[in-house]
Protein chains: 2
Amino acid sequence: MGATTAAVRSISDLARIAGVSVSTVSRALTGKGTLNQATRDRIRAIAAEHGFRLNVAAQNLRLGRTGAIGVLLPLGHEQGQALSDPFLSAMFGYLASALTEHGYDLLLSRILPQGDHWLEDFVRSGRTDGIIMIGQSNQNAVLNRAAEHYRPMVVWGAYAPDNRYTTVGSDNFTGGVLAARHLLARGCKQLAWFGHADAPEFAARQAGFLSALPDDLRANTAVVPIHITPEGSRASAQAFFAAGNRPDGVFAASDVGAISVIAAAGEFGIAVPGDMAVVGFDDILLAQLTSPQLTTVRQDIEGGARMLVDLLMRQLAGGKTQSVQFVPRLIVRQSA
Amino acid sequence: MGATTAAVRSISDLARIAGVSVSTVSRALTGKGTLNQATRDRIRAIAAEHGFRLNVAAQNLRLGRTGAIGVLLPLGHEQGQALSDPFLSAMFGYLASALTEHGYDLLLSRILPQGDHWLEDFVRSGRTDGIIMIGQSNQNAVLNRAAEHYRPMVVWGAYAPDNRYTTVGSDNFTGGVLAARHLLARGCKQLAWFGHADAPEFAARQAGFLSALPDDLRANTAVVPIHITPEGSRASAQAFFAAGNRPDGVFAASDVGAISVIAAAGEFGIAVPGDMAVVGFDDILLAQLTSPQLTTVRQDIEGGARMLVDLLMRQLAGGKTQSVQFVPRLIVRQSA
DNA sequence: CTGTTAGCGCCTTCAA
DNA sequence: TTGAAGGCGCTAACAG
C-alpha cells in the first residue's frame with residue numbers, strides 16, 4: 001500500500017503517476033473505449049494500489065445523470081412515523097433491492113407537500129433521474145400536473161382512468177369486496193369499517209366493502225375514522241367501543257389498524273373472532289404472528305416494488321408504460 | 001408561464017434571458033455574494049417564471065460535497081428483509097427526518113459486504129459526505145480499518161473500548177441483566193435465550209442475561225439460535241418446543257423474536273405468561289398491541305437516531321466525537 | 001492505441 | 001455592483 005504517496009484524489013493524479021493522459025485512465029477504469037490490455041492492467045493495478053475509485057458524482061454530472069432514484073412519501077411531517085408502518089417499510093426494502101440490481105441508488109428526500117409545486121421543485125433540482133412515489137396521499141392534482149411535463153415517475157397507489165401518471169397498486173375496491181363477502185359468509189350482521197377515505201387507496205377499499213353489503217347492513221355499518229399510527233388507531237377503537245358499540249364484523253384499512261382494533265377490543269372483553277370477526281389489509285409479516293392470526297387481504301409487496309422499478313426503468317429507456325393493478329387475495333387465518 | 005419559451009436548463013440560459021452574466025445569476029439565486037437588490041429580485045422573478053431551479057448535482061460537485069449521507073445496513077442479501085424489521089425501519093424513518101432537518105438527503109445504497117474493502121470502496125466512490133452504519137453485523141474489522149482514514153462515520157451498535165469508530169447504542173449488556181432479573185423475580189427456574197451472538201449487540205444481550213443468572217440456572221439455560229426474520233424465528237421456536245423443551249422464562253433478542261416465540265408457543269398449548277414468561281428487546285410500536293402485550297427492554301430509537309445525526313454533523317464540522325451509550329429500561333407489560 | 005480538447009452546470013476569486 | 005475566467009472530476013469526440 002503506497003504508504004509514502006500523497007492521496008490520489010482524481011483521475012489526473014493517477015494519470016501523472018502512471019505517465020499517461022487522463023483519458024487513458026478513464027478508459028482503463030471504465031472499461032469503455034479501446035485500450036491496450038497491458039496498459040489497462042497496469043493502470044488498474046496502480047489504481048488498486050492507491051485505493052483509487054472514480055468519483056461517482058463527477059462521473060454522473062458528465063454523463064448527465066445522477067444514478068439515483070428518488071423515493072418520496074408525500075405524507076408531510078408524519079413521514080418519520082409513516083416509515084414505521086410495516087407495509088411501507090417492507091415496500092421500501094424491496095425497492096432498495098430492485099433499484100440496486102439496476103445500478104441505481106435510492107435517495108430518500110423528505111418532502112413536505114406544501115403548496116402545489118413541491119414535486120416540480122424536486123424534479124427541477126435534478127437530484128434524481130426518476131421518481132417513485134409511495135402513495136398518492138391527497139396530492140393527486142400535483143401528481144397530474146407534474147406528469148404533464150415529466151416522465152420518469154411511477155406511483156404506488158390507486159388506479160383511476162383519468163390519472164395522467166402511471167400507477168402500480170392493488171385493486172383496492174375488489175379487496176374491500178372480498179372482505180365484505182367473507183364477513184357476510186360468516187353471518188355477521190353488524191359491521192364496521194375502521195379507516196378513512198383521505199387517500200384514494202383507502203377510499204377504494206371502503207367503497208368496495210360498502211358496495212358488497214346488502215342495503216340494510218350497509219345502512220347500519222359504522223365508519224370509524226382512524227389514523228395511520230398504531231396509537232391513533234387504538235385510541236379511535238377504544239373510543240368506539242367505550243361508546244357501547246359492539247359490531248360482530250370489522251374491516252380495517254390496514255393490518256396495523258386491525259391489530260390495533262383487536263388490542264382495543266381485548267380491553268373491553270370482546271373476543272376475536274368469537275364476539276367479533278376482524279379482517280385486515282396488507283398481510284404484513286407480523287400478521288401471521290399475532291394471536292389470533294390475522295385474516296387479511298393480501299397485497300403483493302415484493303411484486304409491486306419490482307413492478308414499480310421495472311416500469312420506471314422502461315420510462316428511463318424512453319418507453320411508454322401503462323398502469324398495473326394487482327388482484328388481491330383473501331388470506332383466511334383465525335381472526336375472521 | 002412563459003409558454004412559448006424553450007426549456008431553461010442552466011444558469012447560462014437564464015443569464016442570456018436576463019441579459020446578465022452567469023455569475024450574477026448564481027449570486028442572485030444562491031443569495032451569496034453582494035448584489036443589487038433590484039437585480040436580484042428581477043432575476044429571481046425570471047427564474048420563478050421559468051420554473052428554474054439550480055442543478056443540485058452540479059452545485060455539489062463545485063462545492064466539493066454531495067449533500068447526501070449514506071445509510072448502510074451491512075447485512076448482505078438480507079437487506080430487503082432486514083428493512084422490514086420494525087426496529088430498523090423506525091430507526092430509518094427518524095434518521096430521514098433528522099438528516100433532512102440538517103439539509104442532507106439520505107442515500108440508501110445496498111451494500112453486499114463482500115471481501116474486506118467494501119466500505120473503503122464506498123467511501124472512495126464519493127457518493128456521500130458521510131456514513132451512518134446501522135448495526136455492526138460481523139464487520140467490526142472492516143469498520144475499524146475504514147475509521148483509520150475516514151472520519152465522517154458513526155455506527156449504531158455496541159460500544160467497545162478498542163473500537164476506533166464512534167458508536168451510538170444501548171447498553172445491551174445491562175439490558176440483558178434487566179431481563180434476567182425480571183424473570184428471576186417472577187420465580188422462573190428454567191430459562192431460554194432466543195438469539196445469536198453473531199453481532200456485537202446481540203452478543204452483549206446474551207452475555208448480560210447469562211451473567212445475571214445464578215450458576216445452577218445458567219448451566220441449565222438453553223441457547224436457541226434464531227434468525228432475524230419472523231419466519232426464521234418462528235421455525236426455530238417450533239423446533240425447540242417440538243423437541244419437548246418447556247422453559248418457564250424466555251428472553252428474546254428482539255421484539256419480533258419474542259412475538260414469534262409466543263406465536264409458536266401457542267401452537268404447543270403453552271400459555272404466555274401463564275406457563276412461560278417472555279421478555280423482548282426494542283419496544284417497537286407493535287409491542288403494546290400484541291396479546292399479551294409485550295414486556296420488553298426499551299431502546300430509545302428516536303433519541304438514538306438524533307444522536308447519530310448530531311455526532312455525524314459534529315464530525316463533518318471537523319470536531320471530535322465520543323461514543324454514546326443509552327441506558328435501557330425494562331417496560332413491564334403482560335408477557336412477563 | 002493514446003493524447004488533446006471541450007465541456008457537464010455551477011461557484012468564486014480577481015478585475016473592472 | 002457586475003463580468004470574465006478558471007476549474008470541481010470526469011467523459012467523449014476528434015486527431016494523430
# chains A, B, ... in the order shown; residues from 1 in each chain; ligands from 1
$ interface_residues --of "chain A" --to "chain B" --cutoff "7 Å" --atoms "only C-alpha atoms" --output "ChimeraX atom specification"
/A:52-58,61,80-81,83-84,86,89-90,93-94,96-97,100,105-110,124-127,259-260,263,289-291
$ interface_residues --of "chain C" --to "chain B" --cutoff "8 Å" --atoms "only C-alpha atoms (C1' of nucleotides)" --output "ChimeraX atom specification"
/C:9-11
$ interface_residues --of "chain D" --to "chain B" --cutoff "12 Å" --atoms "only C-alpha atoms (C1' of nucleotides)" --output "ChimeraX atom specification"
/D:1-5,7-10
$ atom_distance --atom1 "CA of Ala147 in chain B" --atom2 "CA of Thr166 in chain B"
8.9 Å
$ residues_around --residues "Glu201 in chain B" --least-positions-apart "6" --cutoff "9 Å" --atoms "only C-alpha atoms (C1' of nucleotides)" --output "list in words"
Gly135, Gln136, Ser137, Gly157, Ala158, Tyr159, Gly169, Ser170, Asp171, Asn172 and Phe173 of chain B
$ write_last_selection --atoms "C-alpha atoms" --output "compact mmCIF listing (two decimals), in the first residue's frame"
# COMPACT_ATOMS: atom_id res chain seq x y z
CA GLY B 135 -25.50 -2.27 13.10
CA GLN B 136 -22.02 -3.69 13.06
CA SER B 137 -23.05 -7.10 11.90
CA GLY B 157 -24.27 -0.69 17.65
CA ALA B 158 -22.38 -1.99 20.60
CA TYR B 159 -19.67 0.03 22.28
CA GLY B 169 -26.27 2.36 21.00
CA SER B 170 -27.93 0.88 24.02
CA ASP B 171 -26.10 -0.71 26.87
CA ASN B 172 -27.07 -4.14 25.67
CA PHE B 173 -25.35 -5.94 28.49
$ select_by_dssp --residues "range 148-331 of chain B" --states "helix (DSSP H, G or I)" --output "count of residues only"
80
$ select_by_dssp --residues "range 169-260 of chain A" --states "strand (DSSP E or B)" --output "list of chain:residue names"
A:Gly169, A:Ser170, A:Leu191, A:Ala192, A:Trp193, A:Phe194, A:Ala222, A:Val223, A:Val224, A:Gly249, A:Val250, A:Phe251, A:Ala252
$ write_last_selection --atoms "C-alpha atoms" --output "mmCIF file, in the first residue's frame"
data_model
loop_
_atom_site.group_PDB
_atom_site.id
_atom_site.type_symbol
_atom_site.label_atom_id
_atom_site.label_comp_id
_atom_site.auth_asym_id
_atom_site.auth_seq_id
_atom_site.Cartn_x
_atom_site.Cartn_y
_atom_site.Cartn_z
ATOM 1 C CA GLY A 169 -51.200 -0.940 -6.944
ATOM 2 C CA SER A 170 -53.733 -3.402 -5.745
ATOM 3 C CA LEU A 191 -70.376 -4.298 10.592
ATOM 4 C CA ALA A 192 -67.804 -1.553 10.998
ATOM 5 C CA TRP A 193 -65.116 -0.079 8.768
ATOM 6 C CA PHE A 194 -62.059 1.295 10.506
ATOM 7 C CA ALA A 222 -70.277 2.196 11.207
ATOM 8 C CA VAL A 223 -67.498 4.191 9.594
ATOM 9 C CA VAL A 224 -64.826 4.795 12.190
ATOM 10 C CA GLY A 249 -67.583 -7.874 11.998
ATOM 11 C CA VAL A 250 -64.821 -5.361 11.327
ATOM 12 C CA PHE A 251 -62.858 -4.475 8.226
ATOM 13 C CA ALA A 252 -59.743 -2.404 8.911
#
